[in-house]
Amino acid sequence: MNILLTVSYDGTNYFGWQRQKNNISVQQRLEEALSELMRKNIEVRGASRTDTGVHALGQAALLKTETSIPIGKLSYAVNSFLPDDIAVTGARLVSDEFHPQYSVIKKTYRYKILNAEFRNPMLRNYSEFVRQPLDIEKMREACGYFIGTYDFAAFRASGSAAKTTVRTIFDLSVERNKDIVDIMVTGNGFLYNMVRIIAGTLIYVGTDKFKPSFVKEIIASKDRIMAGKTAGASGLTLMKIYYKE
């Protein structure tokens, strides 16, 4: 059976999603839990390689196995073997042709900013702290320049193995609720650190380091040096992955 799992996790204590030799990852903990539950060696394939400290509410992982556990009960069963900072929140059957990466049509990420005079220790692992006031209207204006299909090479960190840097952003928004600023972005795919660089660039716009229209020049330059900083990992959450089926 091909079973697609929806996985949520607090990434604070993990070195990203992908299994590593010397560091604990979310994938490792999930595979260990599934192996213990099913009493055999289990491997899963994830849809997105989130980095160290990045969180997820809608990570997807493909499990290929035979099991007598009803699909509707699988999430409950595996969660009893998982640590408190990881949870499987859904499971469904998919076709044999399904691929957790190649079948993706779009992904949504949220980037959370604490924009206040003082740090909030309770939010330190879940937001980027910015003390300077942010001009939300300017940030919203800048969002419009990102939407569309472009070569986003200027928003790619070094170390990316992507064959092409062309991506499509369908939606990008900025909303404020008291001291919390949420950036929501949906695209057909993202380059290495692309969302965090977009967030860092919007922070630069919000603090008047960049004009909103400068985003056009950054994209056209295809030069990483032109864009804003790479915002911290703690503010990033993978919200949802959308599939063809």
# chains A, B, ... in the order shown; residues from 1 in each chain; ligands from 1

$ select_by_dssp --residues "range 22-189 of chain A" --states "helix (DSSP H, G or I)" --output "number ranges by chain"
A: 26-38, 71-79, 121-123, 136-146, 153-155

$ write_last_selection --atoms "N, CA, C and O atoms" --output "short mmCIF file (atom, residue, chain, number, x, y, z; two decimals), in the first residue's frame"
data_model
loop_
_atom_site.label_atom_id
_atom_site.label_comp_id
_atom_site.auth_asym_id
_atom_site.auth_seq_id
_atom_site.Cartn_x
_atom_site.Cartn_y
_atom_site.Cartn_z
N VAL A 26 13.73 14.71 12.16
CA VAL A 26 12.31 14.34 12.29
C VAL A 26 12.05 13.02 11.57
O VAL A 26 11.34 12.15 12.07
N GLN A 27 12.61 12.86 10.37
CA GLN A 27 12.43 11.63 9.60
C GLN A 27 12.88 10.41 10.40
O GLN A 27 12.20 9.38 10.43
N GLN A 28 14.01 10.53 11.07
CA GLN A 28 14.52 9.41 11.87
C GLN A 28 13.54 9.02 12.97
O GLN A 28 13.23 7.83 13.15
N ARG A 29 13.04 10.02 13.70
CA ARG A 29 12.10 9.73 14.78
C ARG A 29 10.81 9.10 14.25
O ARG A 29 10.25 8.18 14.86
N LEU A 30 10.33 9.58 13.09
CA LEU A 30 9.11 9.01 12.51
C LEU A 30 9.35 7.57 12.07
O LEU A 30 8.51 6.69 12.31
N GLU A 31 10.48 7.32 11.42
CA GLU A 31 10.78 5.96 10.96
C GLU A 31 10.95 5.01 12.14
O GLU A 31 10.52 3.85 12.09
N GLU A 32 11.57 5.48 13.21
CA GLU A 32 11.74 4.65 14.40
C GLU A 32 10.38 4.29 15.01
O GLU A 32 10.15 3.14 15.42
N ALA A 33 9.48 5.27 15.06
CA ALA A 33 8.16 5.02 15.62
C ALA A 33 7.36 4.04 14.77
O ALA A 33 6.72 3.11 15.29
N LEU A 34 7.40 4.22 13.46
CA LEU A 34 6.69 3.31 12.56
C LEU A 34 7.29 1.91 12.61
O LEU A 34 6.55 0.91 12.58
N SER A 35 8.60 1.81 12.72
CA SER A 35 9.26 0.51 12.79
C SER A 35 8.86 -0.23 14.07
O SER A 35 8.64 -1.45 14.06
N GLU A 36 8.79 0.52 15.16
CA GLU A 36 8.39 -0.09 16.43
C GLU A 36 6.92 -0.53 16.38
O GLU A 36 6.57 -1.62 16.84
N LEU A 37 6.08 0.30 15.78
CA LEU A 37 4.66 -0.03 15.67
C LEU A 37 4.43 -1.27 14.82
O LEU A 37 3.66 -2.16 15.19
N MET A 38 5.12 -1.34 13.68
CA MET A 38 4.87 -2.42 12.71
C MET A 38 5.82 -3.60 12.86
O MET A 38 5.73 -4.58 12.13
N ILE A 71 -6.42 2.27 7.92
CA ILE A 71 -5.83 3.57 7.59
C ILE A 71 -6.36 4.66 8.51
O ILE A 71 -5.62 5.55 8.94
N GLY A 72 -7.63 4.60 8.85
CA GLY A 72 -8.22 5.60 9.72
C GLY A 72 -7.68 5.59 11.14
O GLY A 72 -7.85 6.56 11.89
N LYS A 73 -7.02 4.50 11.53
CA LYS A 73 -6.47 4.38 12.88
C LYS A 73 -4.95 4.54 12.93
O LYS A 73 -4.36 4.59 14.01
N LEU A 74 -4.34 4.61 11.75
CA LEU A 74 -2.87 4.60 11.70
C LEU A 74 -2.25 5.79 12.42
O LEU A 74 -1.27 5.66 13.14
N SER A 75 -2.83 6.98 12.23
CA SER A 75 -2.28 8.18 12.87
C SER A 75 -2.27 8.03 14.38
O SER A 75 -1.27 8.34 15.05
N TYR A 76 -3.38 7.54 14.93
CA TYR A 76 -3.48 7.37 16.38
C TYR A 76 -2.46 6.33 16.87
O TYR A 76 -1.84 6.51 17.93
N ALA A 77 -2.29 5.29 16.09
CA ALA A 77 -1.39 4.21 16.50
C ALA A 77 0.06 4.68 16.54
O ALA A 77 0.78 4.43 17.52
N VAL A 78 0.51 5.35 15.48
CA VAL A 78 1.92 5.75 15.44
C VAL A 78 2.22 6.87 16.43
O VAL A 78 3.33 6.96 16.97
N ASN A 79 1.23 7.73 16.71
CA ASN A 79 1.48 8.84 17.63
C ASN A 79 1.84 8.37 19.04
O ASN A 79 2.54 9.07 19.77
N PRO A 121 10.43 35.65 25.38
CA PRO A 121 11.11 34.35 25.49
C PRO A 121 10.21 33.17 25.09
O PRO A 121 10.72 32.15 24.62
N MET A 122 8.90 33.32 25.25
CA MET A 122 7.99 32.24 24.92
C MET A 122 7.87 32.03 23.41
O MET A 122 7.42 30.99 22.95
N LEU A 123 8.28 33.03 22.63
CA LEU A 123 8.18 32.95 21.16
C LEU A 123 9.53 32.82 20.49
O LEU A 123 9.62 32.85 19.26
N ILE A 136 3.80 47.95 7.41
CA ILE A 136 3.09 46.82 6.81
C ILE A 136 2.60 47.14 5.40
O ILE A 136 2.63 46.28 4.51
N GLU A 137 2.17 48.36 5.18
CA GLU A 137 1.65 48.73 3.85
C GLU A 137 2.75 48.66 2.79
O GLU A 137 2.51 48.22 1.67
N LYS A 138 3.95 49.07 3.15
CA LYS A 138 5.06 48.98 2.20
C LYS A 138 5.42 47.51 1.93
O LYS A 138 5.74 47.14 0.80
N MET A 139 5.36 46.70 2.96
CA MET A 139 5.64 45.29 2.79
C MET A 139 4.60 44.64 1.87
O MET A 139 4.93 43.84 1.00
N ARG A 140 3.34 45.03 2.04
CA ARG A 140 2.28 44.51 1.17
C ARG A 140 2.48 44.95 -0.27
O ARG A 140 2.25 44.18 -1.21
N GLU A 141 2.91 46.19 -0.46
CA GLU A 141 3.18 46.67 -1.81
C GLU A 141 4.30 45.85 -2.46
O GLU A 141 4.21 45.46 -3.62
N ALA A 142 5.33 45.55 -1.68
CA ALA A 142 6.45 44.77 -2.20
C ALA A 142 6.02 43.36 -2.59
O ALA A 142 6.56 42.77 -3.53
N CYS A 143 5.04 42.81 -1.87
CA CYS A 143 4.57 41.45 -2.16
C CYS A 143 4.14 41.29 -3.61
O CYS A 143 4.35 40.26 -4.23
N GLY A 144 3.52 42.34 -4.15
CA GLY A 144 3.00 42.26 -5.51
C GLY A 144 4.07 42.01 -6.55
O GLY A 144 3.79 41.38 -7.59
N TYR A 145 5.29 42.44 -6.28
CA TYR A 145 6.37 42.27 -7.25
C TYR A 145 6.91 40.83 -7.28
O TYR A 145 7.60 40.46 -8.22
N PHE A 146 6.59 40.06 -6.26
CA PHE A 146 7.03 38.66 -6.23
C PHE A 146 6.08 37.73 -6.98
O PHE A 146 6.49 36.66 -7.42
N ALA A 153 16.79 33.32 -8.82
CA ALA A 153 18.17 33.01 -8.44
C ALA A 153 18.68 33.92 -7.32
O ALA A 153 19.51 33.50 -6.50
N ALA A 154 18.19 35.15 -7.27
CA ALA A 154 18.62 36.10 -6.23
C ALA A 154 18.10 35.69 -4.85
O ALA A 154 18.55 36.23 -3.84
N PHE A 155 17.17 34.76 -4.81
CA PHE A 155 16.57 34.33 -3.55
C PHE A 155 16.92 32.87 -3.24
O PHE A 155 16.17 32.19 -2.56
#

$ residues_around --residues "Ala220 in chain A" --least-positions-apart "6" --cutoff "9 Å" --atoms "only C-alpha atoms" --output "list in words"
Tyr150, Asp151, Phe152 and Ala154 of chain A

$ write_last_selection --atoms "all heavy atoms" --output "mmCIF file, in the first residue's frame"
data_model
loop_
_atom_site.group_PDB
_atom_site.id
_atom_site.type_symbol
_atom_site.label_atom_id
_atom_site.label_comp_id
_atom_site.auth_asym_id
_atom_site.auth_seq_id
_atom_site.Cartn_x
_atom_site.Cartn_y
_atom_site.Cartn_z
ATOM 1 N N TYR A 150 9.081 33.745 -12.264
ATOM 2 C CA TYR A 150 10.346 34.467 -12.458
ATOM 3 C C TYR A 150 11.526 33.537 -12.190
ATOM 4 O O TYR A 150 11.378 32.477 -11.569
ATOM 5 C CB TYR A 150 10.451 35.666 -11.506
ATOM 6 C CG TYR A 150 9.351 36.682 -11.648
ATOM 7 C CD1 TYR A 150 8.337 36.766 -10.686
ATOM 8 C CD2 TYR A 150 9.301 37.564 -12.723
ATOM 9 C CE1 TYR A 150 7.324 37.707 -10.797
ATOM 10 C CE2 TYR A 150 8.298 38.507 -12.845
ATOM 11 C CZ TYR A 150 7.308 38.561 -11.880
ATOM 12 O OH TYR A 150 6.295 39.477 -12.000
ATOM 13 N N ASP A 151 12.684 33.989 -12.604
ATOM 14 C CA ASP A 151 13.928 33.354 -12.195
ATOM 15 C C ASP A 151 14.295 33.937 -10.834
ATOM 16 O O ASP A 151 14.658 35.108 -10.728
ATOM 17 C CB ASP A 151 15.033 33.629 -13.218
ATOM 18 C CG ASP A 151 16.317 32.861 -12.902
ATOM 19 O OD1 ASP A 151 16.532 32.537 -11.725
ATOM 20 O OD2 ASP A 151 17.099 32.611 -13.835
ATOM 21 N N PHE A 152 14.174 33.137 -9.780
ATOM 22 C CA PHE A 152 14.409 33.604 -8.410
ATOM 23 C C PHE A 152 15.819 33.272 -7.924
ATOM 24 O O PHE A 152 16.026 33.010 -6.737
ATOM 25 C CB PHE A 152 13.371 33.007 -7.467
ATOM 26 C CG PHE A 152 12.020 33.674 -7.551
ATOM 27 C CD1 PHE A 152 10.991 33.085 -8.268
ATOM 28 C CD2 PHE A 152 11.787 34.878 -6.923
ATOM 29 C CE1 PHE A 152 9.741 33.688 -8.351
ATOM 30 C CE2 PHE A 152 10.546 35.503 -6.989
ATOM 31 C CZ PHE A 152 9.520 34.904 -7.709
ATOM 32 N N ALA A 154 18.188 35.155 -7.266
ATOM 33 C CA ALA A 154 18.622 36.097 -6.231
ATOM 34 C C ALA A 154 18.102 35.694 -4.852
ATOM 35 O O ALA A 154 18.549 36.232 -3.840
ATOM 36 C CB ALA A 154 18.152 37.506 -6.572
#

$ closest_residue --among "A:Asp96, A:Asp51, A:Asp208, A:Glu217" --to "Ile3 in chain A" --atoms "only C-alpha atoms"
A:Asp96
